[in-house]
Amino acid sequence: MKITSDHQIDIAKQIFSPNHSEQKFPPEIIVIHCISLPEGHFGNDNIIDLFTNKLDCKKEEFESLKDLKVSSHLLINRNGEILQFVPFNKTAWHAGVSEYKGKDNCNDFSIGIELEGTIHEKFTEEQYSVLNDVLGVLKQKYNIKDVVGHSDIAPGRKQDPGQHFKWERINA
């Protein structure tokens, strides 16, 4: 696994998300999230559809997501497959209202990694293995020092990756 000159992971499936902007480069932190749509349902295209503005928000379970424009740099599925939505030299819209070490709007200086999952369930061995590989190449390429959870940069507003995420299992 390596990062290309286009700021993409060479083995990731590339899916373009329009939900990004220019980034104050280079990134300083990596933010770990978790997502499933609907919550606890895995292996569908709903996350891809959300990040590419194609989610059918007329469905009752997705009504609250209408007009939401979000993305992440990466999604690691339950089976360890990596999907990349935004190159690392662009700002993915994953953090929302956030602050880290006195700096607001963490989107501007972070890489967002979503794990397919929920705060109520364990993550898979494949996800931990791939996440460690990804963290290794990102930290080396961009000299990133800190890996945090969404809950760390938006306390009280966000809980992910949650109590089932085992921080001791990753190379943070």
# chains A, B, ... in the order shown; residues from 1 in each chain; ligands from 1
>>> residues_around(residues="Ile47 (chain A)", least_positions_apart="6", cutoff="10 Å", atoms="only C-alpha atoms", output="ChimeraX atom specification")
/A:35-38,53-55,71,75,114,116
>>> residues_around(residues="Ser21 (chain A)", least_positions_apart="2", cutoff="12 Å", atoms="only C-alpha atoms", output="NGL selection string")
:A and (17-19 or 23-25 or 69-73 or 86-94 or 107-109)
>>> write_last_selection(atoms="C-alpha atoms", output="PDB file, in the first residue's frame")
ATOM      1  CA  SER A  17     -17.428  12.864  -3.665  1.00  0.00           C
ATOM      2  CA  PRO A  18     -18.387  16.426  -4.574  1.00  0.00           C
ATOM      3  CA  ASN A  19     -18.480  17.196  -0.836  1.00  0.00           C
ATOM      4  CA  GLN A  23      -7.333  22.055   2.253  1.00  0.00           C
ATOM      5  CA  LYS A  24      -4.805  23.950   4.248  1.00  0.00           C
ATOM      6  CA  PHE A  25      -2.105  21.402   3.508  1.00  0.00           C
ATOM      7  CA  LYS A  69     -23.403  17.371   2.405  1.00  0.00           C
ATOM      8  CA  VAL A  70     -20.793  15.131   4.020  1.00  0.00           C
ATOM      9  CA  SER A  71     -17.849  12.971   3.036  1.00  0.00           C
ATOM     10  CA  SER A  72     -14.703  11.426   4.400  1.00  0.00           C
ATOM     11  CA  HIS A  73     -11.381  10.746   2.828  1.00  0.00           C
ATOM     12  CA  VAL A  86     -11.577  12.632  -1.394  1.00  0.00           C
ATOM     13  CA  PRO A  87      -7.818  12.923  -2.077  1.00  0.00           C
ATOM     14  CA  PHE A  88      -5.755  13.677   1.036  1.00  0.00           C
ATOM     15  CA  ASN A  89      -4.767  17.127  -0.233  1.00  0.00           C
ATOM     16  CA  LYS A  90      -8.438  18.204  -0.197  1.00  0.00           C
ATOM     17  CA  THR A  91     -10.791  18.886   2.721  1.00  0.00           C
ATOM     18  CA  ALA A  92     -13.391  16.193   3.247  1.00  0.00           C
ATOM     19  CA  TRP A  93     -16.457  17.333   5.164  1.00  0.00           C
ATOM     20  CA  HIS A  94     -16.391  14.810   8.009  1.00  0.00           C
ATOM     21  CA  ASN A 107     -11.901  19.545   8.574  1.00  0.00           C
ATOM     22  CA  ASP A 108      -9.304  22.106   7.489  1.00  0.00           C
ATOM     23  CA  PHE A 109      -6.350  20.218   8.976  1.00  0.00           C
TER      24      PHE A 109
END
>>> closest_atom_pairs(of="region 1-87 of chain A", to="region 155-158 of chain A", cutoff="12 Å", atoms="only C-alpha atoms", output="tab-separated table")
residue	atom	partner	partner_atom	distance
A:Ile32	CA	A:Lys158	CA	11.5
A:His33	CA	A:Lys158	CA	9.4
A:Cys34	CA	A:Lys158	CA	10.5
A:Ile35	CA	A:Lys158	CA	11.7
>>> residues_around(residues="Leu83 (chain A)", least_positions_apart="6", cutoff="8 Å", atoms="only C-alpha atoms", output="tab-separated table (two decimals) with N, CA and C atoms, in the first residue's frame")
chain	number	residue	atom	x	y	z
A	12	ALA	N	-7.00	1.55	-2.98
A	12	ALA	CA	-8.37	1.94	-2.64
A	12	ALA	C	-9.23	2.04	-3.89
A	13	LYS	N	-10.48	1.67	-3.76
A	13	LYS	CA	-11.46	1.92	-4.81
A	13	LYS	C	-11.79	3.41	-4.75
A	14	GLN	N	-11.62	4.10	-5.86
A	14	GLN	CA	-11.82	5.55	-5.92
A	14	GLN	C	-13.27	5.87	-6.32
A	15	ILE	N	-13.95	6.61	-5.45
A	15	ILE	CA	-15.32	7.06	-5.71
A	15	ILE	C	-15.34	8.56	-5.42
A	74	LEU	N	-11.66	8.45	3.56
A	74	LEU	CA	-11.71	7.00	3.38
A	74	LEU	C	-12.88	6.38	4.13
A	75	LEU	N	-13.33	5.24	3.62
A	75	LEU	CA	-14.25	4.35	4.32
A	75	LEU	C	-13.61	2.97	4.28
A	76	ILE	N	-13.52	2.35	5.45
A	76	ILE	CA	-13.03	0.97	5.52
A	76	ILE	C	-14.22	0.10	5.87
A	77	ASN	N	-14.63	-0.74	4.91
A	77	ASN	CA	-15.78	-1.61	5.09
A	77	ASN	C	-15.48	-2.71	6.10
>>> atom_distance(atom1="CA of Glu125 (chain A)", atom2="CA of Glu168 (chain A)")
13.3 Å
>>> select_by_dssp(residues="chain A", states="strand (DSSP E or B)", output="ChimeraX atom specification")
/A:3,9,13-14,20-22,29-35,74-76,82-84,90-92,99-100,103-104,110-116,146-149
>>> closest_residue(among="A:His150, A:His20, A:His164, A:Lys2", to="Glu99 (chain A)", atoms="only C-alpha atoms")
A:His150
>>> closest_residue(among="A:Gly162, A:Gly43, A:Pro27, A:Gly80", to="Glu126 (chain A)", atoms="only C-alpha atoms")
A:Gly80
>>> atom_distance(atom1="CA of Val97 (chain A)", atom2="CA of Ser151 (chain A)")
11.4 Å
>>> atom_distance(atom1="CA of Trp167 (chain A)", atom2="CA of Leu131 (chain A)")
11.3 Å
>>> residues_around(residues="Lys66 (chain A)", least_positions_apart="4", cutoff="9 Å", atoms="only C-alpha atoms", output="PyMOL selection string")
chain A and resi 55-58+62
>>> write_last_selection(atoms="C-alpha atoms", output="mmCIF file, in the first residue's frame")
data_model
loop_
_atom_site.group_PDB
_atom_site.id
_atom_site.type_symbol
_atom_site.label_atom_id
_atom_site.label_comp_id
_atom_site.auth_asym_id
_atom_site.auth_seq_id
_atom_site.Cartn_x
_atom_site.Cartn_y
_atom_site.Cartn_z
ATOM 1 C CA LEU A 55 -29.043 8.860 -0.937
ATOM 2 C CA ASP A 56 -32.829 8.607 -1.247
ATOM 3 C CA CYS A 57 -33.836 10.901 1.610
ATOM 4 C CA LYS A 58 -37.506 10.360 0.832
ATOM 5 C CA PHE A 62 -33.032 8.884 5.886
#
>>> residues_around(residues="Val147 (chain A)", least_positions_apart="3", cutoff="8 Å", atoms="only C-alpha atoms", output="list of chain:residue names")
A:Ile29, A:Ile30, A:Val31, A:Ile32, A:Ala172
>>> write_last_selection(atoms="C-alpha atoms", output="compact mmCIF listing (two decimals), in the first residue's frame")
# COMPACT_ATOMS: atom_id res chain seq x y z
CA ILE A 29 -4.38 14.90 12.53
CA ILE A 30 -6.36 11.81 11.55
CA VAL A 31 -9.94 11.56 12.81
CA ILE A 32 -11.52 8.11 13.23
CA ALA A 172 -1.94 5.79 16.96
>>> decode(residues="region 93-140 of chain A", atoms="C-alpha atoms", output="short mmCIF file (atom, residue, chain, number, x, y, z; two decimals), in the first residue's frame")
data_model
loop_
_atom_site.label_atom_id
_atom_site.label_comp_id
_atom_site.auth_asym_id
_atom_site.auth_seq_id
_atom_site.Cartn_x
_atom_site.Cartn_y
_atom_site.Cartn_z
CA TRP A 93 -16.46 17.33 5.16
CA HIS A 94 -16.39 14.81 8.01
CA ALA A 95 -15.86 16.64 11.30
CA GLY A 96 -18.53 19.34 11.43
CA VAL A 97 -18.29 21.79 14.31
CA SER A 98 -15.05 20.72 15.95
CA GLU A 99 -11.94 21.82 17.83
CA TYR A 100 -8.56 20.26 18.55
CA LYS A 101 -5.83 21.81 20.68
CA GLY A 102 -7.37 25.27 20.35
CA LYS A 103 -7.91 25.11 16.58
CA ASP A 104 -11.47 25.20 15.23
CA ASN A 105 -12.89 23.48 12.13
CA CYS A 106 -10.85 20.29 12.16
CA ASN A 107 -11.90 19.55 8.57
CA ASP A 108 -9.30 22.11 7.49
CA PHE A 109 -6.35 20.22 8.98
CA SER A 110 -7.38 16.57 9.19
CA ILE A 111 -7.86 13.34 7.32
CA GLY A 112 -11.18 11.64 8.05
CA ILE A 113 -11.42 7.84 8.13
CA GLU A 114 -14.82 6.20 8.51
CA LEU A 115 -15.13 2.61 9.68
CA GLU A 116 -18.30 0.84 8.62
CA GLY A 117 -19.84 0.19 11.99
CA THR A 118 -21.69 1.59 14.94
CA ILE A 119 -20.81 2.70 18.44
CA HIS A 120 -22.82 -0.28 19.70
CA GLU A 121 -20.82 -3.09 18.04
CA LYS A 122 -17.26 -4.34 17.77
CA PHE A 123 -15.18 -3.61 14.69
CA THR A 124 -13.74 -6.45 12.61
CA GLU A 125 -10.24 -7.87 12.58
CA GLU A 126 -10.00 -6.88 8.91
CA GLN A 127 -10.82 -3.27 9.77
CA TYR A 128 -8.13 -3.05 12.45
CA SER A 129 -5.55 -4.64 10.16
CA VAL A 130 -6.29 -2.32 7.22
CA LEU A 131 -6.63 0.72 9.47
CA ASN A 132 -3.15 0.08 10.89
CA ASP A 133 -1.71 -0.20 7.38
CA VAL A 134 -3.47 3.03 6.34
CA LEU A 135 -2.33 4.88 9.46
CA GLY A 136 1.24 3.79 8.83
CA VAL A 137 1.41 5.16 5.30
CA LEU A 138 -0.49 8.36 6.16
CA LYS A 139 1.65 9.15 9.18
CA GLN A 140 4.83 8.56 7.21
#
